[in-house]
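File shown here: structure_22.txt, holding compact mmCIF, N, CA, C and O atoms.
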# COMPACT_ATOMS: atom_id res chain seq x y z
N MET A 711 1.00 -10.73 -9.10
CA MET A 711 1.28 -9.31 -9.18
C MET A 711 2.74 -9.14 -9.57
O MET A 711 3.62 -9.78 -9.01
N THR A 712 2.97 -8.27 -10.53
CA THR A 712 4.33 -8.00 -10.97
C THR A 712 4.97 -6.93 -10.07
O THR A 712 4.27 -6.19 -9.37
N PRO A 713 6.29 -6.83 -10.10
CA PRO A 713 6.96 -5.78 -9.34
C PRO A 713 6.46 -4.38 -9.73
O PRO A 713 6.27 -3.51 -8.87
N GLU A 714 6.19 -4.19 -11.02
CA GLU A 714 5.71 -2.89 -11.49
C GLU A 714 4.33 -2.58 -10.93
O GLU A 714 4.04 -1.45 -10.53
N GLU A 715 3.47 -3.59 -10.89
CA GLU A 715 2.12 -3.41 -10.33
C GLU A 715 2.19 -3.09 -8.84
O GLU A 715 1.44 -2.26 -8.33
N PHE A 716 3.10 -3.77 -8.15
CA PHE A 716 3.26 -3.53 -6.72
C PHE A 716 3.66 -2.07 -6.47
O PHE A 716 3.06 -1.38 -5.64
N LYS A 717 4.64 -1.59 -7.23
CA LYS A 717 5.09 -0.20 -7.07
C LYS A 717 3.96 0.77 -7.43
O LYS A 717 3.75 1.77 -6.73
N GLU A 718 3.25 0.48 -8.49
CA GLU A 718 2.15 1.34 -8.91
C GLU A 718 1.08 1.45 -7.81
O GLU A 718 0.59 2.53 -7.52
N LYS A 719 0.77 0.31 -7.19
CA LYS A 719 -0.21 0.32 -6.10
C LYS A 719 0.30 1.13 -4.91
O LYS A 719 -0.45 1.86 -4.29
N ARG A 720 1.58 0.98 -4.60
CA ARG A 720 2.16 1.76 -3.50
C ARG A 720 1.97 3.24 -3.74
O ARG A 720 1.51 3.98 -2.87
N LEU A 721 2.29 3.67 -4.95
CA LEU A 721 2.19 5.09 -5.27
C LEU A 721 0.74 5.56 -5.30
O LEU A 721 0.43 6.65 -4.81
N LYS A 722 -0.16 4.75 -5.84
CA LYS A 722 -1.58 5.11 -5.87
C LYS A 722 -2.16 5.24 -4.47
O LYS A 722 -3.06 6.03 -4.24
N LEU A 723 -1.64 4.45 -3.54
CA LEU A 723 -2.10 4.52 -2.16
C LEU A 723 -1.53 5.73 -1.42
O LEU A 723 -1.92 6.00 -0.30
N GLY A 724 -0.60 6.43 -2.06
CA GLY A 724 -0.05 7.63 -1.45
C GLY A 724 1.20 7.41 -0.63
O GLY A 724 1.66 8.32 0.06
N TYR A 725 1.78 6.22 -0.70
CA TYR A 725 3.03 5.95 0.01
C TYR A 725 4.17 6.35 -0.91
O TYR A 725 4.53 5.62 -1.83
N GLU A 726 4.70 7.54 -0.69
CA GLU A 726 5.72 8.08 -1.59
C GLU A 726 7.04 7.33 -1.51
O GLU A 726 7.77 7.24 -2.49
N THR A 727 7.34 6.80 -0.33
CA THR A 727 8.61 6.08 -0.18
C THR A 727 8.35 4.63 0.18
O THR A 727 7.28 4.28 0.70
N ARG A 728 9.33 3.81 -0.08
CA ARG A 728 9.24 2.40 0.31
C ARG A 728 9.16 2.28 1.82
O ARG A 728 8.48 1.41 2.36
N GLY A 729 9.86 3.17 2.51
CA GLY A 729 9.84 3.16 3.97
C GLY A 729 8.46 3.43 4.54
O GLY A 729 8.07 2.83 5.54
N ASP A 730 7.72 4.34 3.89
CA ASP A 730 6.36 4.63 4.35
C ASP A 730 5.47 3.39 4.26
O ASP A 730 4.74 3.07 5.20
N LEU A 731 5.54 2.71 3.13
CA LEU A 731 4.73 1.50 2.97
C LEU A 731 5.21 0.40 3.91
O LEU A 731 4.40 -0.30 4.52
N ALA A 732 6.51 0.27 4.05
CA ALA A 732 7.06 -0.76 4.93
C ALA A 732 6.55 -0.57 6.35
O ALA A 732 6.17 -1.53 7.02
N GLU A 733 6.52 0.68 6.81
CA GLU A 733 6.02 0.96 8.16
C GLU A 733 4.56 0.57 8.28
O GLU A 733 4.15 -0.05 9.27
N ALA A 734 3.76 0.90 7.28
CA ALA A 734 2.34 0.55 7.31
C ALA A 734 2.12 -0.96 7.29
O ALA A 734 1.17 -1.46 7.89
N MET A 735 3.03 -1.68 6.63
CA MET A 735 2.90 -3.13 6.52
C MET A 735 3.62 -3.89 7.63
O MET A 735 3.44 -5.09 7.77
N GLY A 736 4.43 -3.20 8.41
CA GLY A 736 5.16 -3.85 9.48
C GLY A 736 6.33 -4.69 9.01
O GLY A 736 6.66 -5.70 9.64
N ILE A 737 6.94 -4.28 7.90
CA ILE A 737 8.11 -4.98 7.37
C ILE A 737 9.21 -3.96 7.08
O ILE A 737 9.01 -2.76 7.27
N THR A 738 10.34 -4.41 6.60
CA THR A 738 11.43 -3.49 6.32
C THR A 738 11.29 -2.87 4.93
O THR A 738 10.66 -3.44 4.05
N ARG A 739 11.91 -1.72 4.76
CA ARG A 739 11.88 -1.09 3.44
C ARG A 739 12.69 -1.92 2.44
O ARG A 739 12.45 -1.87 1.24
N TYR A 740 13.63 -2.71 2.95
CA TYR A 740 14.41 -3.58 2.08
C TYR A 740 13.52 -4.66 1.46
O TYR A 740 13.72 -5.04 0.30
N ALA A 741 12.55 -5.15 2.21
CA ALA A 741 11.63 -6.14 1.66
C ALA A 741 10.83 -5.52 0.52
O ALA A 741 10.69 -6.12 -0.55
N ILE A 742 10.34 -4.30 0.72
CA ILE A 742 9.59 -3.60 -0.33
C ILE A 742 10.49 -3.42 -1.56
O ILE A 742 10.06 -3.64 -2.69
N GLU A 743 11.73 -3.03 -1.31
CA GLU A 743 12.68 -2.84 -2.42
C GLU A 743 12.87 -4.14 -3.20
O GLU A 743 12.87 -4.14 -4.43
N HIS A 744 13.00 -5.25 -2.48
CA HIS A 744 13.18 -6.56 -3.14
C HIS A 744 11.96 -6.88 -4.00
O HIS A 744 12.10 -7.39 -5.11
N TYR A 745 10.75 -6.59 -3.48
CA TYR A 745 9.54 -6.87 -4.25
C TYR A 745 9.49 -6.00 -5.51
O TYR A 745 9.17 -6.47 -6.59
N GLU A 746 9.80 -4.71 -5.35
CA GLU A 746 9.68 -3.78 -6.47
C GLU A 746 10.74 -4.01 -7.55
O GLU A 746 10.50 -3.73 -8.71
N TYR A 747 11.89 -4.51 -7.16
CA TYR A 747 12.94 -4.79 -8.14
C TYR A 747 12.88 -6.22 -8.66
O TYR A 747 13.68 -6.61 -9.52
N GLY A 748 11.93 -7.00 -8.15
CA GLY A 748 11.77 -8.37 -8.62
C GLY A 748 12.81 -9.34 -8.10
O GLY A 748 12.98 -10.42 -8.64
N ARG A 749 13.50 -8.96 -7.03
CA ARG A 749 14.52 -9.86 -6.46
C ARG A 749 13.88 -10.98 -5.66
O ARG A 749 14.51 -12.03 -5.45
N ARG A 750 12.69 -10.73 -5.15
CA ARG A 750 11.94 -11.74 -4.40
C ARG A 750 10.51 -11.75 -4.92
O ARG A 750 9.97 -10.70 -5.26
N PRO A 751 9.90 -12.91 -4.94
CA PRO A 751 8.48 -12.94 -5.31
C PRO A 751 7.65 -12.20 -4.26
O PRO A 751 7.99 -12.21 -3.07
N ILE A 752 6.60 -11.56 -4.70
CA ILE A 752 5.73 -10.82 -3.77
C ILE A 752 4.78 -11.84 -3.13
O ILE A 752 3.96 -12.46 -3.83
N PRO A 753 4.87 -12.01 -1.81
CA PRO A 753 4.02 -13.01 -1.16
C PRO A 753 2.54 -12.64 -1.26
O PRO A 753 2.18 -11.46 -1.34
N LYS A 754 1.69 -13.65 -1.27
CA LYS A 754 0.25 -13.42 -1.32
C LYS A 754 -0.22 -12.54 -0.16
O LYS A 754 -1.09 -11.69 -0.33
N TRP A 755 0.37 -12.75 1.03
CA TRP A 755 -0.08 -11.95 2.17
C TRP A 755 0.22 -10.46 1.95
O TRP A 755 -0.57 -9.61 2.36
N ALA A 756 1.32 -10.16 1.27
CA ALA A 756 1.67 -8.76 1.02
C ALA A 756 0.69 -8.16 0.01
O ALA A 756 0.29 -7.00 0.14
N GLN A 757 0.30 -8.93 -0.98
CA GLN A 757 -0.68 -8.46 -1.95
C GLN A 757 -2.02 -8.20 -1.28
O GLN A 757 -2.67 -7.18 -1.54
N LYS A 758 -2.42 -9.10 -0.40
CA LYS A 758 -3.69 -8.94 0.31
C LYS A 758 -3.64 -7.76 1.28
O LYS A 758 -4.62 -7.04 1.43
N LEU A 759 -2.49 -7.56 1.90
CA LEU A 759 -2.35 -6.43 2.82
C LEU A 759 -2.44 -5.11 2.07
O LEU A 759 -3.05 -4.15 2.54
N LEU A 760 -1.87 -5.04 0.87
CA LEU A 760 -2.01 -3.84 0.04
C LEU A 760 -3.48 -3.56 -0.24
O LEU A 760 -3.92 -2.42 -0.18
N GLU A 761 -4.23 -4.60 -0.55
CA GLU A 761 -5.66 -4.43 -0.80
C GLU A 761 -6.38 -3.96 0.47
O GLU A 761 -7.27 -3.11 0.40
N CYS A 762 -6.01 -4.50 1.61
CA CYS A 762 -6.60 -4.05 2.88
C CYS A 762 -6.30 -2.57 3.14
O CYS A 762 -7.18 -1.83 3.60
N LEU A 763 -5.10 -2.15 2.85
CA LEU A 763 -4.74 -0.74 3.02
C LEU A 763 -5.57 0.14 2.08
O LEU A 763 -6.03 1.22 2.47
N ARG A 764 -5.80 -0.33 0.87
CA ARG A 764 -6.63 0.42 -0.09
C ARG A 764 -8.06 0.54 0.42
O ARG A 764 -8.65 1.62 0.42
N LEU A 765 -8.61 -0.58 0.90
CA LEU A 765 -9.97 -0.56 1.42
C LEU A 765 -10.10 0.31 2.66
O LEU A 765 -11.09 1.01 2.83
N ALA A 766 -9.09 0.28 3.51
CA ALA A 766 -9.10 1.12 4.72
C ALA A 766 -9.13 2.60 4.33
O ALA A 766 -9.83 3.40 4.96
N GLN A 767 -8.39 2.96 3.29
CA GLN A 767 -8.42 4.35 2.82
C GLN A 767 -9.79 4.72 2.30
O GLN A 767 -10.29 5.82 2.55
N LEU A 768 -10.44 3.81 1.58
CA LEU A 768 -11.78 4.08 1.06
C LEU A 768 -12.78 4.29 2.20
O LEU A 768 -13.61 5.19 2.15
N VAL A 769 -12.69 3.45 3.21
CA VAL A 769 -13.58 3.58 4.36
C VAL A 769 -13.35 4.91 5.06
O VAL A 769 -14.30 5.61 5.40
N GLU A 770 -12.10 5.27 5.25
CA GLU A 770 -11.79 6.54 5.90
C GLU A 770 -12.32 7.71 5.09
O GLU A 770 -12.90 8.64 5.64
N GLN A 771 -12.16 7.67 3.78
CA GLN A 771 -12.68 8.75 2.93
C GLN A 771 -14.19 8.84 3.03
O GLN A 771 -14.76 9.92 3.12
N LYS A 772 -14.84 7.69 3.04
CA LYS A 772 -16.30 7.65 3.15
C LYS A 772 -16.75 8.23 4.49
O LYS A 772 -17.71 8.98 4.56
N ASN A 773 -16.04 7.87 5.57
CA ASN A 773 -16.39 8.39 6.88
C ASN A 773 -16.20 9.89 6.95
O ASN A 773 -17.02 10.60 7.54
N LEU A 774 -15.13 10.40 6.36
CA LEU A 774 -14.89 11.84 6.35
C LEU A 774 -15.99 12.56 5.58
O LEU A 774 -16.47 13.61 5.99
N THR A 775 -16.39 11.98 4.47
CA THR A 775 -17.46 12.57 3.67
C THR A 775 -18.77 12.57 4.45
O THR A 775 -19.50 13.56 4.47
N ALA A 776 -19.06 11.47 5.11
CA ALA A 776 -20.30 11.37 5.90
C ALA A 776 -20.29 12.37 7.04
O ALA A 776 -21.32 13.00 7.33
N ASP A 777 -19.15 12.56 7.68
CA ASP A 777 -19.03 13.53 8.77
C ASP A 777 -19.31 14.95 8.29
O ASP A 777 -19.95 15.74 8.98
N ARG A 778 -18.87 15.28 7.10
CA ARG A 778 -19.08 16.61 6.55
C ARG A 778 -20.54 16.85 6.20
O ARG A 778 -20.99 17.99 6.19
N MET A 779 -21.25 15.79 5.89
CA MET A 779 -22.63 15.93 5.46
C MET A 779 -23.62 15.97 6.63
O MET A 779 -24.79 16.29 6.44
N ARG A 780 -23.16 15.62 7.83
CA ARG A 780 -24.04 15.65 9.00
C ARG A 780 -24.33 17.10 9.39
O ARG A 780 -23.44 17.94 9.39
N PRO A 781 -25.58 17.36 9.75
CA PRO A 781 -25.91 18.72 10.20
C PRO A 781 -25.17 19.06 11.49
O PRO A 781 -24.98 18.19 12.35
N SER A 782 -24.80 20.30 11.63
CA SER A 782 -24.07 20.73 12.84
C SER A 782 -25.00 20.97 14.00
O SER A 782 -26.09 21.37 13.90
If you convert what's in this file into structure tokens, what do you get?
Amino acid sequence: MTPEEFKEKRLKLGYETRGDLAEAMGITRYAIEHYEYGRRPIPKWAQKLLECLRLAQLVEQKNLTADRMRPS
């Protein structure tokens, strides 16, 4: 994953700031900054965690949709 792809995924996931994503990932915003600027390689675990966050959002959206469709 390139630094540009990492940033693009952050924004697509709705994390407007590096700090928001850092909090969700349990790391510092400086680490996110290093990844996005290409100062450090993006670890595999960080790439996988981004994917987990994406999947968690999909599950949550699906659950919200299912809740709306249930009869009252």
Selected residue of minimal separation from Trp755 of chain A among A:Met711, A:Gly724, A:Glu743, A:Glu733, counting only C-alpha atoms: A:Met711
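A search radius of 12 Å centred on (-4.1, -6.6, 1.0), applied to only C-alpha atoms, returns the residues Met711, Phe716, Lys719, Arg720, Leu723, Ala734, Met735, Ile752, Pro753, Lys754, Trp755, Ala756, Gln757, Lys758, Leu759, Leu760, Glu761, Cys762, Leu763, Arg764, Leu765, Ala766 and Gln767 of chain A.
Across the structure, atom CA of Gln771 of chain A and atom N of Asp730 of chain A are spaced 20.9 Å apart.
Taking atom O of Arg739 of chain A and atom N of Lys772 of chain A as endpoints, the distance between them is 29.0 Å.
Distance annotation: of A:Val769, A:Thr727, A:Thr712, A:Ala732, the residue with the minimal separation from Tyr747 of chain A is A:Thr712; atom set is only N, CA, C and O atoms.
Atom pair atom CA of Gly748 of chain A / atom CA of Lys722 of chain A: separated by 19.2 Å.
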Those of chain A in DSSP helix (DSSP H, G or I), formatted as a PyMOL selection string: chain A and resi 713-722+728-735+739-747+754-779
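Closest approach to Tyr745 of chain A among A:Pro713, A:Pro781, A:Gly729, A:Asn773: A:Pro713, based on only C-alpha atoms.
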